[in-house]
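**Student:** Hey, dropping protein_1.txt in here, compact mmCIF, N, CA and C atoms:
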# COMPACT_ATOMS: atom_id res chain seq x y z
N GLN B 73 0.84 -1.18 0.00
CA GLN B 73 0.00 0.00 0.00
C GLN B 73 0.88 1.25 0.00
N VAL B 74 0.31 2.33 -0.49
CA VAL B 74 1.05 3.58 -0.55
C VAL B 74 1.29 4.11 0.87
N GLN B 75 2.53 4.45 1.15
CA GLN B 75 2.87 5.04 2.44
C GLN B 75 3.79 6.23 2.23
N LEU B 76 3.49 7.30 2.95
CA LEU B 76 4.32 8.50 2.96
C LEU B 76 4.62 8.83 4.41
N VAL B 77 5.88 8.93 4.75
CA VAL B 77 6.27 9.19 6.13
C VAL B 77 7.19 10.40 6.18
N GLU B 78 6.66 11.48 6.76
CA GLU B 78 7.44 12.71 6.90
C GLU B 78 8.27 12.68 8.17
N SER B 79 9.38 13.39 8.13
CA SER B 79 10.24 13.51 9.30
C SER B 79 11.08 14.78 9.17
N GLY B 80 11.72 15.14 10.27
CA GLY B 80 12.65 16.26 10.24
C GLY B 80 12.11 17.56 10.78
N GLY B 81 10.85 17.59 11.17
CA GLY B 81 10.30 18.82 11.75
C GLY B 81 10.89 19.12 13.12
N GLY B 82 10.55 20.30 13.63
CA GLY B 82 11.05 20.67 14.94
C GLY B 82 10.88 22.14 15.21
N LEU B 83 11.55 22.59 16.27
CA LEU B 83 11.51 23.99 16.67
C LEU B 83 12.77 24.68 16.15
N VAL B 84 12.59 25.81 15.50
CA VAL B 84 13.72 26.55 14.95
C VAL B 84 13.47 28.05 15.16
N GLN B 85 14.54 28.78 15.36
CA GLN B 85 14.41 30.22 15.55
C GLN B 85 14.17 30.94 14.23
N PRO B 86 13.53 32.10 14.26
CA PRO B 86 13.37 32.89 13.02
C PRO B 86 14.72 33.13 12.37
N GLY B 87 14.72 32.98 11.03
CA GLY B 87 15.95 33.11 10.28
C GLY B 87 16.72 31.82 10.13
N GLY B 88 16.31 30.80 10.84
CA GLY B 88 17.00 29.52 10.79
C GLY B 88 16.58 28.67 9.60
N SER B 89 17.16 27.46 9.55
CA SER B 89 16.90 26.53 8.46
C SER B 89 16.50 25.17 9.01
N LEU B 90 15.79 24.45 8.17
CA LEU B 90 15.35 23.10 8.52
C LEU B 90 15.11 22.35 7.22
N ARG B 91 15.38 21.05 7.24
CA ARG B 91 15.04 20.22 6.08
C ARG B 91 14.11 19.11 6.54
N VAL B 92 12.96 19.03 5.91
CA VAL B 92 12.03 17.94 6.18
C VAL B 92 12.08 16.95 5.02
N SER B 93 11.81 15.70 5.37
CA SER B 93 11.90 14.61 4.40
C SER B 93 10.59 13.85 4.36
N CYS B 94 10.35 13.20 3.23
CA CYS B 94 9.18 12.33 3.08
C CYS B 94 9.63 11.06 2.39
N ALA B 95 9.61 9.96 3.13
CA ALA B 95 9.99 8.67 2.59
C ALA B 95 8.76 7.97 2.04
N ALA B 96 8.84 7.53 0.79
CA ALA B 96 7.70 6.93 0.11
C ALA B 96 7.91 5.44 -0.12
N SER B 97 6.81 4.71 -0.11
CA SER B 97 6.85 3.28 -0.41
C SER B 97 5.50 2.84 -0.94
N GLY B 98 5.50 1.67 -1.57
CA GLY B 98 4.24 1.11 -2.03
C GLY B 98 3.84 1.51 -3.45
N PHE B 99 4.69 2.27 -4.12
CA PHE B 99 4.43 2.66 -5.51
C PHE B 99 5.77 2.97 -6.17
N THR B 100 5.75 3.11 -7.49
CA THR B 100 6.98 3.40 -8.23
C THR B 100 7.25 4.90 -8.14
N PHE B 101 8.03 5.25 -7.15
CA PHE B 101 8.24 6.65 -6.78
C PHE B 101 8.69 7.51 -7.95
N SER B 102 9.59 6.99 -8.77
CA SER B 102 10.19 7.81 -9.82
C SER B 102 9.20 8.23 -10.89
N ARG B 103 8.03 7.63 -10.92
CA ARG B 103 7.06 7.91 -11.98
C ARG B 103 6.10 9.05 -11.64
N TYR B 104 6.12 9.51 -10.38
CA TYR B 104 5.07 10.43 -9.95
C TYR B 104 5.61 11.74 -9.43
N PRO B 105 4.94 12.84 -9.81
CA PRO B 105 5.26 14.12 -9.17
C PRO B 105 4.96 14.03 -7.68
N MET B 106 5.71 14.77 -6.91
CA MET B 106 5.52 14.81 -5.45
C MET B 106 5.33 16.26 -5.02
N SER B 107 4.54 16.42 -3.96
CA SER B 107 4.20 17.77 -3.50
C SER B 107 4.37 17.89 -1.99
N TRP B 108 4.61 19.12 -1.57
CA TRP B 108 4.56 19.48 -0.15
C TRP B 108 3.43 20.49 0.05
N TYR B 109 2.67 20.28 1.13
CA TYR B 109 1.64 21.21 1.57
C TYR B 109 1.90 21.51 3.04
N ARG B 110 1.21 22.52 3.53
CA ARG B 110 1.30 22.82 4.96
C ARG B 110 -0.04 23.32 5.46
N GLN B 111 -0.25 23.15 6.76
CA GLN B 111 -1.48 23.62 7.38
C GLN B 111 -1.15 24.24 8.73
N ALA B 112 -1.43 25.53 8.83
CA ALA B 112 -1.23 26.25 10.07
C ALA B 112 -2.50 26.15 10.91
N PRO B 113 -2.40 26.34 12.23
CA PRO B 113 -3.58 26.26 13.09
C PRO B 113 -4.67 27.23 12.63
N GLY B 114 -5.88 26.70 12.48
CA GLY B 114 -7.02 27.53 12.11
C GLY B 114 -7.07 27.93 10.65
N LYS B 115 -6.16 27.40 9.85
CA LYS B 115 -6.12 27.75 8.42
C LYS B 115 -6.27 26.50 7.56
N GLU B 116 -6.60 26.72 6.30
CA GLU B 116 -6.72 25.61 5.37
C GLU B 116 -5.33 25.14 4.93
N ARG B 117 -5.29 23.90 4.51
CA ARG B 117 -4.04 23.35 3.99
C ARG B 117 -3.70 24.07 2.69
N GLU B 118 -2.42 24.43 2.52
CA GLU B 118 -2.03 25.18 1.34
C GLU B 118 -0.83 24.54 0.66
N PHE B 119 -0.77 24.72 -0.64
CA PHE B 119 0.34 24.23 -1.45
C PHE B 119 1.61 24.97 -1.11
N VAL B 120 2.72 24.21 -1.05
CA VAL B 120 4.03 24.81 -0.81
C VAL B 120 4.94 24.64 -2.03
N ALA B 121 5.07 23.40 -2.50
CA ALA B 121 5.98 23.16 -3.62
C ALA B 121 5.72 21.79 -4.22
N ASP B 122 6.10 21.62 -5.50
CA ASP B 122 6.07 20.29 -6.09
C ASP B 122 7.25 20.10 -7.03
N VAL B 123 7.49 18.83 -7.35
CA VAL B 123 8.61 18.47 -8.22
C VAL B 123 8.14 17.39 -9.19
N HIS B 124 8.45 17.61 -10.46
CA HIS B 124 8.06 16.64 -11.48
C HIS B 124 8.81 15.32 -11.30
N SER B 125 8.26 14.30 -11.97
CA SER B 125 8.86 12.98 -11.86
C SER B 125 10.00 12.78 -12.85
N ASP B 126 9.90 13.40 -14.02
CA ASP B 126 10.84 13.09 -15.08
C ASP B 126 11.96 14.11 -15.21
N ASP B 127 11.61 15.38 -15.39
CA ASP B 127 12.63 16.38 -15.66
C ASP B 127 13.09 17.13 -14.41
N GLY B 128 12.47 16.80 -13.27
CA GLY B 128 12.88 17.45 -12.04
C GLY B 128 12.44 18.90 -11.91
N TYR B 129 11.56 19.32 -12.81
CA TYR B 129 11.05 20.71 -12.75
C TYR B 129 10.36 20.93 -11.42
N THR B 130 10.61 22.10 -10.83
CA THR B 130 10.00 22.41 -9.54
C THR B 130 9.14 23.66 -9.63
N ASN B 131 8.19 23.73 -8.71
CA ASN B 131 7.30 24.88 -8.62
C ASN B 131 7.09 25.16 -7.14
N VAL B 132 7.23 26.43 -6.74
CA VAL B 132 7.04 26.76 -5.33
C VAL B 132 6.04 27.91 -5.20
N ALA B 133 5.35 27.94 -4.09
CA ALA B 133 4.39 29.00 -3.82
C ALA B 133 5.12 30.34 -3.67
N ASP B 134 4.43 31.41 -4.03
CA ASP B 134 5.04 32.74 -3.94
C ASP B 134 5.48 33.06 -2.50
N SER B 135 4.73 32.55 -1.53
CA SER B 135 5.02 32.88 -0.13
C SER B 135 6.35 32.32 0.35
N VAL B 136 6.88 31.32 -0.36
CA VAL B 136 8.14 30.71 0.08
C VAL B 136 9.22 30.78 -1.00
N LYS B 137 8.92 31.41 -2.11
CA LYS B 137 9.87 31.48 -3.22
C LYS B 137 11.15 32.20 -2.78
N GLY B 138 12.27 31.59 -3.16
CA GLY B 138 13.55 32.15 -2.76
C GLY B 138 14.03 31.69 -1.40
N ARG B 139 13.17 31.03 -0.63
CA ARG B 139 13.53 30.54 0.70
C ARG B 139 13.46 29.03 0.79
N PHE B 140 12.50 28.41 0.12
CA PHE B 140 12.29 26.97 0.19
C PHE B 140 12.69 26.33 -1.14
N THR B 141 13.26 25.13 -1.04
CA THR B 141 13.64 24.36 -2.22
C THR B 141 13.17 22.93 -2.07
N ILE B 142 12.49 22.43 -3.09
CA ILE B 142 12.05 21.03 -3.09
C ILE B 142 13.01 20.23 -3.97
N SER B 143 13.28 19.01 -3.54
CA SER B 143 14.12 18.13 -4.35
C SER B 143 13.69 16.69 -4.09
N ARG B 144 14.18 15.78 -4.93
CA ARG B 144 13.83 14.38 -4.76
C ARG B 144 15.03 13.50 -5.05
N ASP B 145 15.03 12.33 -4.44
CA ASP B 145 16.05 11.32 -4.68
C ASP B 145 15.31 10.05 -5.09
N ASN B 146 15.36 9.74 -6.36
CA ASN B 146 14.61 8.58 -6.87
C ASN B 146 15.27 7.25 -6.52
N ILE B 147 16.46 7.29 -5.98
CA ILE B 147 17.10 6.06 -5.48
C ILE B 147 16.62 5.76 -4.06
N LYS B 148 16.54 6.81 -3.26
CA LYS B 148 16.10 6.64 -1.88
C LYS B 148 14.58 6.75 -1.73
N ASN B 149 13.86 7.02 -2.83
CA ASN B 149 12.40 7.18 -2.77
C ASN B 149 12.00 8.22 -1.73
N THR B 150 12.67 9.35 -1.78
CA THR B 150 12.45 10.38 -0.78
C THR B 150 12.37 11.75 -1.46
N VAL B 151 11.46 12.57 -0.94
CA VAL B 151 11.36 13.96 -1.38
C VAL B 151 11.68 14.85 -0.19
N TYR B 152 12.38 15.93 -0.47
CA TYR B 152 12.86 16.82 0.58
C TYR B 152 12.30 18.23 0.39
N LEU B 153 12.23 18.95 1.50
CA LEU B 153 11.91 20.36 1.46
C LEU B 153 12.95 21.08 2.33
N GLN B 154 13.84 21.80 1.68
CA GLN B 154 14.83 22.60 2.39
C GLN B 154 14.23 23.98 2.64
N MET B 155 14.18 24.36 3.91
CA MET B 155 13.54 25.62 4.29
C MET B 155 14.59 26.53 4.94
N ASN B 156 14.83 27.66 4.31
CA ASN B 156 15.79 28.64 4.81
C ASN B 156 15.08 29.94 5.17
N SER B 157 15.76 30.77 5.93
CA SER B 157 15.20 32.08 6.32
C SER B 157 13.78 31.93 6.85
N LEU B 158 13.61 30.99 7.75
CA LEU B 158 12.26 30.68 8.26
C LEU B 158 11.68 31.84 9.04
N LYS B 159 10.37 31.99 8.92
CA LYS B 159 9.62 33.05 9.59
C LYS B 159 8.58 32.42 10.50
N PRO B 160 8.13 33.16 11.50
CA PRO B 160 7.07 32.62 12.37
C PRO B 160 5.83 32.17 11.59
N GLU B 161 5.53 32.85 10.51
CA GLU B 161 4.35 32.47 9.72
C GLU B 161 4.55 31.18 8.93
N ASP B 162 5.74 30.62 8.94
CA ASP B 162 5.96 29.30 8.34
C ASP B 162 5.58 28.17 9.31
N THR B 163 5.23 28.52 10.52
CA THR B 163 4.82 27.51 11.50
C THR B 163 3.57 26.78 11.00
N ALA B 164 3.68 25.45 10.91
CA ALA B 164 2.58 24.64 10.37
C ALA B 164 2.96 23.17 10.48
N VAL B 165 1.99 22.33 10.20
CA VAL B 165 2.27 20.92 9.96
C VAL B 165 2.51 20.77 8.46
N TYR B 166 3.62 20.15 8.12
CA TYR B 166 4.02 19.98 6.71
C TYR B 166 3.71 18.54 6.28
N TYR B 167 3.03 18.44 5.14
CA TYR B 167 2.60 17.15 4.61
C TYR B 167 3.16 16.94 3.21
N CYS B 168 3.50 15.70 2.88
CA CYS B 168 3.78 15.40 1.49
C CYS B 168 2.58 14.67 0.89
N LYS B 169 2.51 14.75 -0.42
CA LYS B 169 1.34 14.24 -1.13
C LYS B 169 1.77 13.65 -2.46
N VAL B 170 1.08 12.57 -2.85
CA VAL B 170 1.21 12.01 -4.19
C VAL B 170 -0.20 11.68 -4.69
N VAL B 171 -0.40 11.87 -5.98
CA VAL B 171 -1.68 11.53 -6.60
C VAL B 171 -1.45 10.37 -7.56
N ILE B 172 -2.15 9.28 -7.30
CA ILE B 172 -2.03 8.07 -8.12
C ILE B 172 -3.42 7.67 -8.57
N LEU B 173 -3.61 7.61 -9.89
CA LEU B 173 -4.92 7.25 -10.46
C LEU B 173 -6.02 8.11 -9.84
N ASN B 174 -5.75 9.40 -9.82
CA ASN B 174 -6.72 10.41 -9.35
C ASN B 174 -7.05 10.32 -7.87
N ARG B 175 -6.27 9.56 -7.13
CA ARG B 175 -6.47 9.49 -5.68
C ARG B 175 -5.27 10.12 -5.00
N ALA B 176 -5.55 11.01 -4.05
CA ALA B 176 -4.49 11.69 -3.31
C ALA B 176 -4.13 10.90 -2.05
N TYR B 177 -2.84 10.73 -1.85
CA TYR B 177 -2.32 10.07 -0.65
C TYR B 177 -1.49 11.10 0.12
N TRP B 178 -1.69 11.11 1.43
CA TRP B 178 -1.01 12.06 2.30
C TRP B 178 -0.23 11.31 3.37
N GLY B 179 0.84 11.93 3.82
CA GLY B 179 1.52 11.43 5.00
C GLY B 179 0.84 11.96 6.25
N GLN B 180 1.42 11.62 7.40
CA GLN B 180 0.82 12.03 8.67
C GLN B 180 1.24 13.43 9.07
N GLY B 181 2.25 13.96 8.39
CA GLY B 181 2.69 15.32 8.65
C GLY B 181 3.80 15.40 9.67
N THR B 182 4.55 16.50 9.59
CA THR B 182 5.60 16.78 10.57
C THR B 182 5.49 18.25 10.98
N GLN B 183 5.55 18.49 12.29
CA GLN B 183 5.33 19.84 12.82
C GLN B 183 6.61 20.67 12.69
N VAL B 184 6.45 21.86 12.12
CA VAL B 184 7.54 22.84 12.08
C VAL B 184 7.08 24.07 12.84
N THR B 185 7.84 24.45 13.84
CA THR B 185 7.51 25.62 14.65
C THR B 185 8.67 26.61 14.58
N VAL B 186 8.36 27.83 14.17
CA VAL B 186 9.37 28.88 14.07
C VAL B 186 9.09 29.91 15.16
N SER B 187 9.95 29.94 16.14
CA SER B 187 9.71 30.81 17.29
C SER B 187 11.01 31.08 18.02
N SER B 188 11.11 32.25 18.61
CA SER B 188 12.28 32.57 19.43
C SER B 188 12.02 32.25 20.90
Please express the file's structure as structure tokens.
**Tutor:**
Amino acid sequence: QVQLVESGGGLVQPGGSLRVSCAASGFTFSRYPMSWYRQAPGKEREFVADVHSDDGYTNVADSVKGRFTISRDNIKNTVYLQMNSLKPEDTAVYYCKVVILNRAYWGQGTQVTVSS
């Protein structure tokens, strides 16, 4: 079965960096685009970034452009989100997502808290 397991979240000070990871299993990882979303308390889940399966093309939300970078390792079946220059408003649960045959699969999420 499809499984997505996020890790790497934690508490970081404003201006700091963090890298979160999503380990995938149960499907042919290299064939599918992968995405990161986040959900802050009291807000809807929002798109953060995605990466294509074939050419590695990436797309990031305007709110994190220039600060966040998405990448993937098709050998390790893992997608990463490198987050730099973190702000308190980046505090959220971060989720990875894959869509297979029009069905969305989500991980359990990893908490990122940006606070001094």
**Student:** Which is closer to Asp126 of chain B than all the others in B:Ser79, B:Ser93, B:Gln73, B:Ser102, using all atoms listed in the file?
**Tutor:**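 Checking each of B:Ser79, B:Ser93, B:Gln73, B:Ser102 against Asp126 of chain B, counting all atoms listed in the file, the winner is B:Ser102.
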**Student:** For a quick check of understanding, using only N, CA and C atoms, which of B:Ile142, B:Ala96, B:Ala112, B:Ile147 has the smallest distance to Val74 of chain B?
**Tutor:**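 Of B:Ile142, B:Ala96, B:Ala112, B:Ile147, the one nearest Val74 of chain B is B:Ala96, counting only N, CA and C atoms.
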**Student:** Would you compute the distance between atom C of Glu118 of chain B and atom N of Gly179 of chain B? Give it in Å to one decimal.
**Tutor:**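 Pair atom C of Glu118 of chain B / atom N of Gly179 of chain B returns 13.1 Å.
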**Student:** If we count only C-alpha atoms and set the cut-off at 9 Å, which residues sit around Asp122 of chain B, ignoring sequence neighbours fewer than 5 positions away in its own chain? Please answer as a PyMOL selection string.
**Tutor:** chain B and resi 105-109+129-132+142-143
**Student:** Residues near Ser157 of chain B, anyone? I mean within 6.5 Å using only N, CA and C atoms, not counting same-chain ones fewer than 3 positions away, as a list in words.
**Tutor:**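 Surrounding residues, per the criterion: Pro86, Gly87, Gly88, Ser89 and Arg139 of chain B.
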**Student:** Could you please take those selected residues and save N, CA and C atoms as a CSV table (one decimal), in the frame of the given file?
**Tutor:**
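Below is the file part_35.csv, written as the result:
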chain,number,residue,atom,x,y,z
B,86,PRO,N,13.5,32.1,14.3
B,86,PRO,CA,13.4,32.9,13.0
B,86,PRO,C,14.7,33.1,12.4
B,87,GLY,N,14.7,33.0,11.0
B,87,GLY,CA,16.0,33.1,10.3
B,87,GLY,C,16.7,31.8,10.1
B,88,GLY,N,16.3,30.8,10.8
B,88,GLY,CA,17.0,29.5,10.8
B,88,GLY,C,16.6,28.7,9.6
B,89,SER,N,17.2,27.5,9.6
B,89,SER,CA,16.9,26.5,8.5
B,89,SER,C,16.5,25.2,9.0
B,139,ARG,N,13.2,31.0,-0.6
B,139,ARG,CA,13.5,30.5,0.7
B,139,ARG,C,13.5,29.0,0.8
**Student:** Mind pulling up the distance from atom CA of Ile172 of chain B to atom CA of Tyr104 of chain B?
**Tutor:**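 For atom CA of Tyr104 of chain B relative to atom CA of Ile172 of chain B, the distance reads 7.7 Å.
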**Student:** Could you work out how far atom CA of Asn156 of chain B lies from atom CA of Ser125 of chain B, giving the answer in Å with one decimal?
**Tutor:**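 Separation between atom CA of Ser125 of chain B and atom CA of Asn156 of chain B: 23.9 Å.
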**Student:** Here is a test: counting only C-alpha atoms, which residue of B:Val170, B:Val120, B:Gly114, B:Gln85 is nearest to Gln154 of chain B?
**Tutor:**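 Counting only C-alpha atoms, the residue closest to Gln154 of chain B is B:Val120.
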**Student:** Here is a test: counting only N, CA and C atoms, which residue of B:Ala133, B:Leu83, B:Cys94, B:Phe101 is nearest to Val151 of chain B?
**Tutor:** B:Cys94
**Student:** Identify, with DSSP run on backbone atoms, the residues in chain B assigned to helix (DSSP H, G or I), and express the list as number ranges by chain.
**Tutor:** B: 101-103, 160-162
**Student:** Of the candidates B:Val165, B:Val171, B:Arg103, B:Leu158, which one gets nearest to Ser188 of chain B if we count only C-alpha atoms?
**Tutor:**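 Among the listed residues, B:Leu158 lies closest to Ser188 of chain B.
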**Student:** Starting from 4 Å padding per side, set up an axis-aligned box that covers all listed atoms of segment 153-160 of chain B and hand over centre and edge lengths in Å, one decimal, as JSON.
**Tutor:**
{"center_x": 10.8, "center_y": 26.1, "center_z": 6.9, "size_x": 18.0, "size_y": 22.2, "size_z": 18.9}
**Student:** Give the answer as one residue: which of B:Gly181, B:Thr141, B:Lys148, B:Leu153 has the shortest atom-to-atom distance to Leu90 of chain B, using only N, CA and C atoms?
**Tutor:**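 Ranking B:Gly181, B:Thr141, B:Lys148, B:Leu153 by distance to Leu90 of chain B, first place goes to B:Leu153.
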**Student:** Apply DSSP to the backbone of this structure and, from chain B, keep only the residues in strand (DSSP E or B); write these as a ChimeraX atom specification.
**Tutor:** /B:75-79,82-84,90-97,106-111,118-123,130-132,140-145,150-155,164-172,175-178,182-186
**Student:** Could you rebuild segment 99-124 of chain B with N, CA, C and O atoms and give it back as a CSV table (one decimal), in the coordinates of the input?
**Tutor:**
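Heads up, here's the output in part17.csv:
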chain,number,residue,atom,x,y,z
B,99,PHE,N,4.7,2.3,-4.1
B,99,PHE,CA,4.4,2.7,-5.5
B,99,PHE,C,5.8,3.0,-6.2
B,99,PHE,O,6.8,3.1,-5.5
B,100,THR,N,5.8,3.1,-7.5
B,100,THR,CA,7.0,3.4,-8.2
B,100,THR,C,7.2,4.9,-8.1
B,100,THR,O,6.8,5.7,-8.9
B,101,PHE,N,8.0,5.2,-7.2
B,101,PHE,CA,8.2,6.6,-6.8
B,101,PHE,C,8.7,7.5,-8.0
B,101,PHE,O,8.2,8.6,-8.1
B,102,SER,N,9.6,7.0,-8.8
B,102,SER,CA,10.2,7.8,-9.8
B,102,SER,C,9.2,8.2,-10.9
B,102,SER,O,9.5,9.1,-11.7
B,103,ARG,N,8.0,7.6,-10.9
B,103,ARG,CA,7.1,7.9,-12.0
B,103,ARG,C,6.1,9.0,-11.6
B,103,ARG,O,5.3,9.5,-12.5
B,104,TYR,N,6.1,9.5,-10.4
B,104,TYR,CA,5.1,10.4,-10.0
B,104,TYR,C,5.6,11.7,-9.4
B,104,TYR,O,6.6,11.8,-8.7
B,105,PRO,N,4.9,12.8,-9.8
B,105,PRO,CA,5.3,14.1,-9.2
B,105,PRO,C,5.0,14.0,-7.7
B,105,PRO,O,4.0,13.3,-7.2
B,106,MET,N,5.7,14.8,-6.9
B,106,MET,CA,5.5,14.8,-5.4
B,106,MET,C,5.3,16.3,-5.0
B,106,MET,O,5.9,17.2,-5.6
B,107,SER,N,4.5,16.4,-4.0
B,107,SER,CA,4.2,17.8,-3.5
B,107,SER,C,4.4,17.9,-2.0
B,107,SER,O,4.3,16.9,-1.3
B,108,TRP,N,4.6,19.1,-1.6
B,108,TRP,CA,4.6,19.5,-0.2
B,108,TRP,C,3.4,20.5,0.0
B,108,TRP,O,3.3,21.4,-0.8
B,109,TYR,N,2.7,20.3,1.1
B,109,TYR,CA,1.6,21.2,1.6
B,109,TYR,C,1.9,21.5,3.0
B,109,TYR,O,2.7,20.8,3.7
B,110,ARG,N,1.2,22.5,3.5
B,110,ARG,CA,1.3,22.8,5.0
B,110,ARG,C,0.0,23.3,5.5
B,110,ARG,O,-0.8,23.9,4.7
B,111,GLN,N,-0.2,23.2,6.8
B,111,GLN,CA,-1.5,23.6,7.4
B,111,GLN,C,-1.2,24.2,8.7
B,111,GLN,O,-0.7,23.5,9.6
B,112,ALA,N,-1.4,25.5,8.8
B,112,ALA,CA,-1.2,26.2,10.1
B,112,ALA,C,-2.5,26.2,10.9
B,112,ALA,O,-3.6,25.9,10.4
B,113,PRO,N,-2.4,26.3,12.2
B,113,PRO,CA,-3.6,26.3,13.1
B,113,PRO,C,-4.7,27.2,12.6
B,113,PRO,O,-4.4,28.4,12.4
B,114,GLY,N,-5.9,26.7,12.5
B,114,GLY,CA,-7.0,27.5,12.1
B,114,GLY,C,-7.1,27.9,10.6
B,114,GLY,O,-7.9,28.7,10.3
B,115,LYS,N,-6.2,27.4,9.8
B,115,LYS,CA,-6.1,27.8,8.4
B,115,LYS,C,-6.3,26.5,7.6
B,115,LYS,O,-6.1,25.4,8.0
B,116,GLU,N,-6.6,26.7,6.3
B,116,GLU,CA,-6.7,25.6,5.4
B,116,GLU,C,-5.3,25.1,4.9
B,116,GLU,O,-4.4,25.9,5.0
B,117,ARG,N,-5.3,23.9,4.5
B,117,ARG,CA,-4.0,23.4,4.0
B,117,ARG,C,-3.7,24.1,2.7
B,117,ARG,O,-4.6,24.3,1.8
B,118,GLU,N,-2.4,24.4,2.5
B,118,GLU,CA,-2.0,25.2,1.3
B,118,GLU,C,-0.8,24.5,0.7
B,118,GLU,O,0.0,23.9,1.3
B,119,PHE,N,-0.8,24.7,-0.6
B,119,PHE,CA,0.3,24.2,-1.4
B,119,PHE,C,1.6,25.0,-1.1
B,119,PHE,O,1.6,26.2,-0.9
B,120,VAL,N,2.7,24.2,-1.0
B,120,VAL,CA,4.0,24.8,-0.8
B,120,VAL,C,4.9,24.6,-2.0
B,120,VAL,O,5.5,25.6,-2.5
B,121,ALA,N,5.1,23.4,-2.5
B,121,ALA,CA,6.0,23.2,-3.6
B,121,ALA,C,5.7,21.8,-4.2
B,121,ALA,O,5.2,20.9,-3.5
B,122,ASP,N,6.1,21.6,-5.5
B,122,ASP,CA,6.1,20.3,-6.1
B,122,ASP,C,7.2,20.1,-7.0
B,122,ASP,O,7.9,21.1,-7.4
B,123,VAL,N,7.5,18.8,-7.4
B,123,VAL,CA,8.6,18.5,-8.2
B,123,VAL,C,8.1,17.4,-9.2
B,123,VAL,O,7.5,16.4,-8.8
B,124,HIS,N,8.4,17.6,-10.5
B,124,HIS,CA,8.1,16.6,-11.5
B,124,HIS,C,8.8,15.3,-11.3
B,124,HIS,O,9.9,15.2,-10.7
